[in-house]
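Enquirer: Below is the file query.tsv, with TSV, C-alpha atoms.
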chain	number	residue	atom	x	y	z
J	10	ALA	CA	13.16	-20.48	22.12
J	11	ILE	CA	9.59	-21.11	23.28
J	12	TRP	CA	9.14	-17.44	24.16
J	13	LEU	CA	10.41	-16.40	20.69
J	14	GLN	CA	8.04	-18.88	19.06
J	15	TRP	CA	5.16	-17.50	21.14
J	16	ALA	CA	6.09	-13.88	20.32
J	17	ASN	CA	6.31	-14.72	16.60
J	18	THR	CA	2.94	-16.45	16.69
J	19	LEU	CA	1.38	-13.54	18.56
J	20	VAL	CA	2.14	-11.29	15.57
J	21	TRP	CA	1.93	-13.87	12.76
J	22	TYR	CA	-1.50	-15.41	13.42
J	23	PRO	CA	-3.57	-12.20	13.50
J	24	THR	CA	-1.74	-10.80	10.47
J	25	THR	CA	-2.12	-13.95	8.39
J	26	LEU	CA	-5.71	-14.56	9.45
J	27	ALA	CA	-6.63	-10.95	8.70
J	28	PHE	CA	-5.12	-11.34	5.22
J	29	ILE	CA	-7.07	-14.56	4.64
J	30	ALA	CA	-10.32	-13.09	5.96
J	31	SER	CA	-10.06	-9.84	4.01
J	32	THR	CA	-9.16	-11.72	0.81
J	33	LEU	CA	-12.15	-14.04	1.22
J	34	ILE	CA	-14.50	-11.16	1.92
J	35	ALA	CA	-13.14	-9.06	-0.96
J	36	ASN	CA	-13.74	-11.94	-3.36
J	37	ILE	CA	-17.06	-13.20	-2.01
J	38	LEU	CA	-18.68	-9.98	-0.72
J	39	PRO	CA	-16.79	-7.09	-2.37
J	40	SER	CA	-19.20	-4.50	-0.96
J	41	MET	CA	-18.22	-5.60	2.58
J	42	LYS	CA	-14.43	-5.62	2.08
J	43	ASN	CA	-13.88	-2.64	4.42
J	44	ASN	CA	-16.18	-3.92	7.18
J	45	THR	CA	-13.75	-4.39	10.08
J	46	HIS	CA	-16.37	-6.14	12.23
J	47	LEU	CA	-16.93	-8.77	9.55
J	48	ILE	CA	-13.18	-9.24	9.05
J	49	THR	CA	-12.62	-9.53	12.82
J	50	GLY	CA	-15.48	-12.01	13.17
J	51	LEU	CA	-14.12	-14.13	10.33
J	52	VAL	CA	-10.61	-14.04	11.86
J	53	ILE	CA	-12.00	-15.32	15.16
J	54	LEU	CA	-14.09	-17.99	13.40
J	55	ILE	CA	-11.13	-19.24	11.33
J	56	PHE	CA	-8.90	-19.26	14.41
J	57	TRP	CA	-11.33	-21.40	16.41
J	58	LEU	CA	-12.03	-23.74	13.47
J	59	VAL	CA	-8.31	-24.37	13.00
J	60	THR	CA	-7.90	-24.78	16.76
J	61	ALA	CA	-10.73	-27.35	16.78
J	62	VAL	CA	-9.05	-29.29	13.97
J	63	ASN	CA	-5.72	-29.27	15.80
J	64	LEU	CA	-7.33	-30.44	19.04
J	65	ARG	CA	-8.46	-33.59	17.22
J	66	GLY	CA	-4.87	-34.82	17.13
J	67	PHE	CA	-1.69	-34.81	15.12
J	68	LYS	CA	-2.94	-37.10	12.33
J	69	THR	CA	-6.11	-35.07	11.78
J	70	SER	CA	-4.08	-31.87	11.75
J	71	ALA	CA	-1.62	-33.35	9.24
J	72	ARG	CA	-4.44	-34.54	6.95
J	73	PHE	CA	-6.09	-31.10	7.16
J	74	ALA	CA	-2.81	-29.34	6.31
J	75	GLY	CA	-2.21	-31.76	3.42
J	76	THR	CA	-5.70	-31.17	2.06
J	77	LEU	CA	-5.22	-27.40	2.25
J	78	ALA	CA	-1.86	-27.73	0.48
J	79	VAL	CA	-3.45	-29.68	-2.37
J	80	PHE	CA	-6.48	-27.40	-2.79
J	81	GLY	CA	-4.72	-24.13	-1.96
J	82	LEU	CA	-1.38	-24.66	-3.71
J	83	ILE	CA	-1.09	-27.66	-6.02
J	84	ILE	CA	-4.44	-27.39	-7.83
J	85	PRO	CA	-4.30	-23.58	-8.35
J	86	PHE	CA	-0.69	-23.91	-9.51
J	87	ALA	CA	-1.67	-26.65	-11.99
J	88	ILE	CA	-4.59	-24.55	-13.26
J	89	ILE	CA	-2.34	-21.51	-13.78
J	90	LEU	CA	0.20	-23.60	-15.70
J	91	ILE	CA	-2.46	-25.31	-17.83
J	92	LEU	CA	-4.17	-22.01	-18.68
J	93	THR	CA	-0.82	-20.42	-19.56
J	94	PHE	CA	0.06	-23.39	-21.76
J	95	LEU	CA	-3.34	-23.23	-23.50
J	96	TRP	CA	-2.93	-19.47	-24.01
J	97	LEU	CA	0.47	-20.02	-25.63
J	98	MET	CA	-0.93	-22.86	-27.77
J	99	GLN	CA	-3.41	-20.36	-29.26
J	100	SER	CA	-0.47	-18.61	-30.98
J	101	HIS	CA	-0.18	-15.87	-28.36
J	102	HIS	CA	3.29	-14.57	-27.70
J	103	PRO	CA	4.63	-14.38	-24.15
J	104	LEU	CA	4.19	-10.90	-22.73
J	105	ILE	CA	7.35	-11.23	-20.67
J	106	GLN	CA	10.56	-10.40	-22.47
J	107	PRO	CA	13.36	-11.53	-20.17
J	108	ASN	CA	16.73	-9.93	-20.85
J	109	LEU	CA	19.53	-8.39	-18.82
J	110	THR	CA	17.71	-5.08	-18.48
J	111	THR	CA	14.58	-6.71	-17.01
J	112	LEU	CA	16.42	-8.61	-14.29
J	113	PRO	CA	15.69	-7.37	-10.77
J	114	HIS	CA	18.04	-4.74	-9.39
J	115	LEU	CA	18.41	-5.64	-5.76
J	116	THR	CA	19.35	-2.05	-4.95
J	117	ARG	CA	15.65	-1.13	-5.38
J	118	LEU	CA	13.37	-2.07	-2.49
J	119	THR	CA	10.48	-3.08	-4.78
J	120	ASP	CA	12.67	-5.68	-6.50
J	121	TRP	CA	13.04	-7.49	-3.16
J	122	LEU	CA	9.28	-8.14	-2.88
J	123	PRO	CA	9.27	-11.41	-4.87
J	124	ILE	CA	12.15	-12.73	-2.76
J	125	VAL	CA	10.39	-11.68	0.43
J	126	ALA	CA	7.22	-13.47	-0.74
J	127	ILE	CA	9.15	-16.70	-1.33
J	128	VAL	CA	10.99	-16.52	1.99
J	129	THR	CA	7.79	-15.64	3.85
J	130	SER	CA	6.11	-18.69	2.32
J	131	MET	CA	8.75	-20.83	3.99
J	132	LEU	CA	8.35	-19.33	7.46
J	133	GLY	CA	7.06	-21.72	10.06
J	134	MET	CA	8.44	-24.94	8.64
J	135	GLU	CA	10.80	-25.17	11.58
J	136	LEU	CA	7.80	-25.50	13.88
J	137	ILE	CA	7.43	-29.15	12.89
J	138	SER	CA	10.24	-29.85	15.35
J	139	VAL	CA	7.70	-29.31	18.16
J	140	HIS	CA	6.17	-32.65	17.06
J	141	VAL	CA	9.46	-34.54	16.94
J	142	ASN	CA	8.18	-37.22	19.35
J	143	LYS	CA	5.19	-37.99	17.11
J	144	ILE	CA	7.16	-38.48	13.88
J	145	ASP	CA	8.69	-41.74	12.68
J	146	LYS	CA	12.47	-41.39	12.18
J	147	PRO	CA	12.50	-37.60	12.81
J	148	ALA	CA	16.25	-37.24	12.10
J	149	LYS	CA	15.55	-38.36	8.53
J	150	SER	CA	11.92	-37.33	8.04
J	151	ILE	CA	12.09	-33.69	9.19
J	152	PRO	CA	15.01	-32.61	6.94
J	153	GLN	CA	13.43	-34.43	3.99
J	154	ALA	CA	10.05	-32.79	4.60
J	155	ILE	CA	11.61	-29.33	4.92
J	156	LEU	CA	13.70	-29.84	1.77
J	157	LEU	CA	10.71	-31.14	-0.20
J	158	SER	CA	8.46	-28.32	1.06
J	159	SER	CA	11.06	-25.66	0.31
J	160	GLY	CA	11.59	-27.00	-3.19
J	161	LEU	CA	7.86	-27.20	-3.85
J	162	ILE	CA	7.31	-23.64	-2.61
J	163	LEU	CA	10.22	-22.31	-4.65
J	164	ILE	CA	9.11	-24.06	-7.85
J	165	THR	CA	5.46	-23.06	-7.52
J	166	MET	CA	6.30	-19.44	-6.69
J	167	LEU	CA	8.81	-19.07	-9.55
J	168	LEU	CA	6.89	-20.95	-12.24
J	169	GLY	CA	3.57	-19.47	-11.14
J	170	SER	CA	5.01	-15.95	-11.32
J	171	LEU	CA	6.51	-16.63	-14.74
J	172	ALA	CA	3.21	-18.05	-15.97
J	173	ILE	CA	1.33	-14.96	-14.81
J	174	ALA	CA	3.97	-12.65	-16.33
J	175	THR	CA	3.61	-14.58	-19.58
J	176	VAL	CA	-0.06	-13.66	-20.01
J	177	ILE	CA	-0.44	-10.33	-18.16
J	178	PRO	CA	1.32	-7.23	-19.48
J	179	SER	CA	4.07	-6.03	-17.14
J	180	GLN	CA	2.42	-2.58	-16.86
J	181	LYS	CA	-0.56	-4.25	-15.16
J	182	ILE	CA	1.54	-6.18	-12.64
J	183	ASN	CA	2.31	-4.18	-9.53
J	184	LEU	CA	3.41	-6.02	-6.41
J	185	VAL	CA	3.11	-3.03	-4.13
J	186	SER	CA	-0.22	-1.61	-5.29
J	187	ARG	CA	-3.53	-2.37	-3.60
J	188	LYS	CA	-5.32	-1.73	-6.90
J	189	SER	CA	-6.71	-4.73	-8.72
J	190	ILE	CA	-5.71	-5.49	-12.28
Render the structure in this file as structure tokens.

Expert:
Amino acid sequence: AIWLQWANTLVWYPTTLAFIASTLIANILPSMKNNTHLITGLVILIFWLVTAVNLRGFKTSARFAGTLAVFGLIIPFAIILILTFLWLMQSHHPLIQPNLTTLPHLTRLTDWLPIVAIVTSMLGMELISVHVNKIDKPAKSIPQAILLSSGLILITMLLGSLAIATVIPSQKINLVSRKSI
């Protein structure tokens, strides 16, 4: 199990950190978005910063993760919902027209992408079991935390996607394209 966790992390960390670094660079320094040296340097910097936080102990790591969850998930989600609500309050009509013909057809690979995004968001939650000795009442706390986290991820992904589809025309939404809207 430890070897599988190590092998997963060996692939997961560089991929995720490269995504984070390239997204930051593309949004902050768009002219440098293809600079592989800058992306690599930022990946290494982020890795060592996160390592330094984790070396400060379990409580510091948990506070850091909680802060990132609030600022990286909860606040953006709330902003998206508020902006969608305000847009609808200005007498705009939703641009999404859900009906039986617009439901995903799971026989098409592209229709699996939203499901893959949700499932991928939940990857890694099982790693909390590594810290079982540091958690109060782990038999109760760990399942509750995983259930709460899974529910929160599912709700934010679904409602956030619906909010975006409400204000952006479906022709401009492409989950597999690298082009920006």

Enquirer: Quick one: pull the distance between CA of Ser100 (chain J) and CA of Ile182 (chain J), Å, one decimal.

Expert: 22.2 Å

Enquirer: In Å, how far is it from CA of Lys68 (chain J) to CA of Val52 (chain J)?

Expert: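 Pair CA of Lys68 (chain J) / CA of Val52 (chain J) returns 24.3 Å.
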
Enquirer: When you count only C-alpha atoms, which of these residues is closest to Leu104 (chain J): J:Asn142, J:Gln180, J:Thr18, J:Thr165?

Expert: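 Of J:Asn142, J:Gln180, J:Thr18, J:Thr165, the one nearest Leu104 (chain J), counting only C-alpha atoms, is J:Gln180.
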
Enquirer: Record the distance separating CA of Ile53 (chain J) and CA of Trp12 (chain J), expressed in Å with one decimal.

Expert: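 Those two atoms sit 23.1 Å apart.
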
Enquirer: Using all atoms listed in the file, find the one residue out of J:Ala74, J:Leu168, J:Leu132, J:Leu122 that sits nearest to Thr25 (chain J).

Expert: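 Checking each candidate against Thr25 (chain J), we get J:Leu132 as the closest.
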
Enquirer: Identify which of the residues J:Ala61, J:Ile55, J:Ile89, J:Ile155 lies closest to Tyr22 (chain J), counting all atoms listed in the file when measuring atom-to-atom distances.

Expert: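 Counting all atoms listed in the file, the residue closest to Tyr22 (chain J) is J:Ile55.
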
Enquirer: Which is closer to Ile162 (chain J) than all the others in J:Leu115, J:Ala78, J:Ala148, J:Leu97, using only C-alpha atoms?

Expert: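 Closest to Ile162 (chain J), using only C-alpha atoms: J:Ala78.
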
Enquirer: Pick out the closest residue to Leu157 (chain J) from this set: J:Ile105, J:Leu171, J:Leu19, J:Met134. Count all atoms listed in the file.

Expert: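 Of J:Ile105, J:Leu171, J:Leu19, J:Met134, the one nearest Leu157 (chain J), counting all atoms listed in the file, is J:Met134.
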
Enquirer: So which one's closest to Met131 (chain J), J:Leu64, J:Leu161, J:Ile144, J:Leu118? Using only C-alpha atoms, please.

Expert: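 Looking only at the distances to Met131 (chain J), the closest residue turns out to be J:Leu161.
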
Enquirer: May I have the residues within 10 Å of Gly133 (chain J) as a list of chain:residue names, using all atoms listed in the file and disregarding those fewer than 6 positions away in the same chain?

Expert: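 So, after excluding close chain neighbours, the residues are J:Gln14, J:Asn17, J:Thr18, J:Trp21.
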
Enquirer: Suppose we keep C-alpha atoms; can you now write the selection as a CSV table (one decimal), in the coordinates of the input?

Expert:
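Here's the written file result-v6.csv:
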chain,number,residue,atom,x,y,z
J,14,GLN,CA,8.0,-18.9,19.1
J,17,ASN,CA,6.3,-14.7,16.6
J,18,THR,CA,2.9,-16.4,16.7
J,21,TRP,CA,1.9,-13.9,12.8

Enquirer: Fewer than 2 positions away in the same chain doesn't count, so skip those; otherwise give me all residues within 12 Å of Leu163 (chain J), counting only C-alpha atoms, as a PyMOL selection string.

Expert: chain J and resi 82+123-131+155-161+165-170

Enquirer: With all heavy atoms as the goal, would you fill in the gaps in region 81-92 of chain J and present it as a PDB file, in the coordinates of the input?

Expert:
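Final output, saved to selection.pdb:
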ATOM      1  N   GLY J  81      -5.128 -25.532  -1.997  1.00  0.00           N
ATOM      2  CA  GLY J  81      -4.720 -24.130  -1.960  1.00  0.00           C
ATOM      3  C   GLY J  81      -3.425 -23.838  -2.689  1.00  0.00           C
ATOM      4  O   GLY J  81      -3.109 -22.676  -2.943  1.00  0.00           O
ATOM      5  N   LEU J  82      -2.663 -24.881  -3.046  1.00  0.00           N
ATOM      6  CA  LEU J  82      -1.380 -24.660  -3.710  1.00  0.00           C
ATOM      7  C   LEU J  82      -1.255 -25.480  -4.986  1.00  0.00           C
ATOM      8  O   LEU J  82      -1.092 -24.922  -6.069  1.00  0.00           O
ATOM      9  CB  LEU J  82      -0.220 -25.005  -2.749  1.00  0.00           C
ATOM     10  CG  LEU J  82       1.179 -24.889  -3.340  1.00  0.00           C
ATOM     11  CD1 LEU J  82       1.551 -23.435  -3.572  1.00  0.00           C
ATOM     12  CD2 LEU J  82       2.192 -25.555  -2.433  1.00  0.00           C
ATOM     13  N   ILE J  83      -1.348 -26.781  -4.881  1.00  0.00           N
ATOM     14  CA  ILE J  83      -1.090 -27.660  -6.020  1.00  0.00           C
ATOM     15  C   ILE J  83      -2.121 -27.474  -7.135  1.00  0.00           C
ATOM     16  O   ILE J  83      -1.752 -27.274  -8.300  1.00  0.00           O
ATOM     17  CB  ILE J  83      -1.048 -29.148  -5.571  1.00  0.00           C
ATOM     18  CG1 ILE J  83      -0.042 -29.350  -4.436  1.00  0.00           C
ATOM     19  CG2 ILE J  83      -0.773 -30.059  -6.749  1.00  0.00           C
ATOM     20  CD1 ILE J  83       1.378 -29.051  -4.797  1.00  0.00           C
ATOM     21  N   ILE J  84      -3.397 -27.519  -6.797  1.00  0.00           N
ATOM     22  CA  ILE J  84      -4.440 -27.390  -7.830  1.00  0.00           C
ATOM     23  C   ILE J  84      -4.425 -26.001  -8.467  1.00  0.00           C
ATOM     24  O   ILE J  84      -4.431 -25.891  -9.703  1.00  0.00           O
ATOM     25  CB  ILE J  84      -5.824 -27.782  -7.271  1.00  0.00           C
ATOM     26  CG1 ILE J  84      -5.847 -29.290  -6.987  1.00  0.00           C
ATOM     27  CG2 ILE J  84      -6.944 -27.391  -8.244  1.00  0.00           C
ATOM     28  CD1 ILE J  84      -7.113 -29.784  -6.301  1.00  0.00           C
ATOM     29  N   PRO J  85      -4.389 -24.893  -7.689  1.00  0.00           N
ATOM     30  CA  PRO J  85      -4.300 -23.580  -8.350  1.00  0.00           C
ATOM     31  C   PRO J  85      -3.050 -23.436  -9.211  1.00  0.00           C
ATOM     32  O   PRO J  85      -3.111 -22.865 -10.300  1.00  0.00           O
ATOM     33  CB  PRO J  85      -4.277 -22.584  -7.181  1.00  0.00           C
ATOM     34  CG  PRO J  85      -4.926 -23.299  -6.060  1.00  0.00           C
ATOM     35  CD  PRO J  85      -4.562 -24.743  -6.234  1.00  0.00           C
ATOM     36  N   PHE J  86      -1.929 -23.969  -8.735  1.00  0.00           N
ATOM     37  CA  PHE J  86      -0.690 -23.910  -9.510  1.00  0.00           C
ATOM     38  C   PHE J  86      -0.863 -24.669 -10.834  1.00  0.00           C
ATOM     39  O   PHE J  86      -0.496 -24.162 -11.899  1.00  0.00           O
ATOM     40  CB  PHE J  86       0.458 -24.517  -8.693  1.00  0.00           C
ATOM     41  CG  PHE J  86       1.743 -24.657  -9.456  1.00  0.00           C
ATOM     42  CD1 PHE J  86       2.450 -23.540  -9.859  1.00  0.00           C
ATOM     43  CD2 PHE J  86       2.250 -25.907  -9.761  1.00  0.00           C
ATOM     44  CE1 PHE J  86       3.640 -23.660 -10.561  1.00  0.00           C
ATOM     45  CE2 PHE J  86       3.437 -26.044 -10.455  1.00  0.00           C
ATOM     46  CZ  PHE J  86       4.136 -24.915 -10.851  1.00  0.00           C
ATOM     47  N   ALA J  87      -1.446 -25.862 -10.775  1.00  0.00           N
ATOM     48  CA  ALA J  87      -1.670 -26.650 -11.990  1.00  0.00           C
ATOM     49  C   ALA J  87      -2.602 -25.914 -12.952  1.00  0.00           C
ATOM     50  O   ALA J  87      -2.362 -25.878 -14.164  1.00  0.00           O
ATOM     51  CB  ALA J  87      -2.225 -28.021 -11.637  1.00  0.00           C
ATOM     52  N   ILE J  88      -3.647 -25.296 -12.420  1.00  0.00           N
ATOM     53  CA  ILE J  88      -4.590 -24.550 -13.260  1.00  0.00           C
ATOM     54  C   ILE J  88      -3.892 -23.382 -13.948  1.00  0.00           C
ATOM     55  O   ILE J  88      -4.075 -23.148 -15.146  1.00  0.00           O
ATOM     56  CB  ILE J  88      -5.812 -24.080 -12.436  1.00  0.00           C
ATOM     57  CG1 ILE J  88      -6.668 -25.279 -12.037  1.00  0.00           C
ATOM     58  CG2 ILE J  88      -6.634 -23.055 -13.210  1.00  0.00           C
ATOM     59  CD1 ILE J  88      -7.761 -24.960 -11.023  1.00  0.00           C
ATOM     60  N   ILE J  89      -3.076 -22.644 -13.196  1.00  0.00           N
ATOM     61  CA  ILE J  89      -2.340 -21.510 -13.780  1.00  0.00           C
ATOM     62  C   ILE J  89      -1.419 -21.987 -14.895  1.00  0.00           C
ATOM     63  O   ILE J  89      -1.373 -21.386 -15.976  1.00  0.00           O
ATOM     64  CB  ILE J  89      -1.547 -20.756 -12.684  1.00  0.00           C
ATOM     65  CG1 ILE J  89      -2.495 -19.964 -11.796  1.00  0.00           C
ATOM     66  CG2 ILE J  89      -0.500 -19.821 -13.302  1.00  0.00           C
ATOM     67  CD1 ILE J  89      -1.847 -19.364 -10.564  1.00  0.00           C
ATOM     68  N   LEU J  90      -0.700 -23.082 -14.663  1.00  0.00           N
ATOM     69  CA  LEU J  90       0.200 -23.600 -15.700  1.00  0.00           C
ATOM     70  C   LEU J  90      -0.560 -24.089 -16.926  1.00  0.00           C
ATOM     71  O   LEU J  90      -0.155 -23.816 -18.060  1.00  0.00           O
ATOM     72  CB  LEU J  90       1.074 -24.724 -15.139  1.00  0.00           C
ATOM     73  CG  LEU J  90       2.169 -24.316 -14.175  1.00  0.00           C
ATOM     74  CD1 LEU J  90       3.013 -25.522 -13.784  1.00  0.00           C
ATOM     75  CD2 LEU J  90       3.057 -23.231 -14.748  1.00  0.00           C
ATOM     76  N   ILE J  91      -1.661 -24.807 -16.706  1.00  0.00           N
ATOM     77  CA  ILE J  91      -2.460 -25.310 -17.830  1.00  0.00           C
ATOM     78  C   ILE J  91      -3.040 -24.165 -18.649  1.00  0.00           C
ATOM     79  O   ILE J  91      -2.970 -24.165 -19.884  1.00  0.00           O
ATOM     80  CB  ILE J  91      -3.574 -26.257 -17.328  1.00  0.00           C
ATOM     81  CG1 ILE J  91      -2.955 -27.564 -16.807  1.00  0.00           C
ATOM     82  CG2 ILE J  91      -4.599 -26.539 -18.422  1.00  0.00           C
ATOM     83  CD1 ILE J  91      -3.914 -28.434 -16.002  1.00  0.00           C
ATOM     84  N   LEU J  92      -3.599 -23.153 -17.966  1.00  0.00           N
ATOM     85  CA  LEU J  92      -4.170 -22.010 -18.680  1.00  0.00           C
ATOM     86  C   LEU J  92      -3.100 -21.233 -19.450  1.00  0.00           C
ATOM     87  O   LEU J  92      -3.336 -20.783 -20.574  1.00  0.00           O
ATOM     88  CB  LEU J  92      -4.911 -21.087 -17.709  1.00  0.00           C
ATOM     89  CG  LEU J  92      -6.211 -21.641 -17.134  1.00  0.00           C
ATOM     90  CD1 LEU J  92      -6.791 -20.695 -16.088  1.00  0.00           C
ATOM     91  CD2 LEU J  92      -7.224 -21.934 -18.231  1.00  0.00           C
TER      92      LEU J  92
END
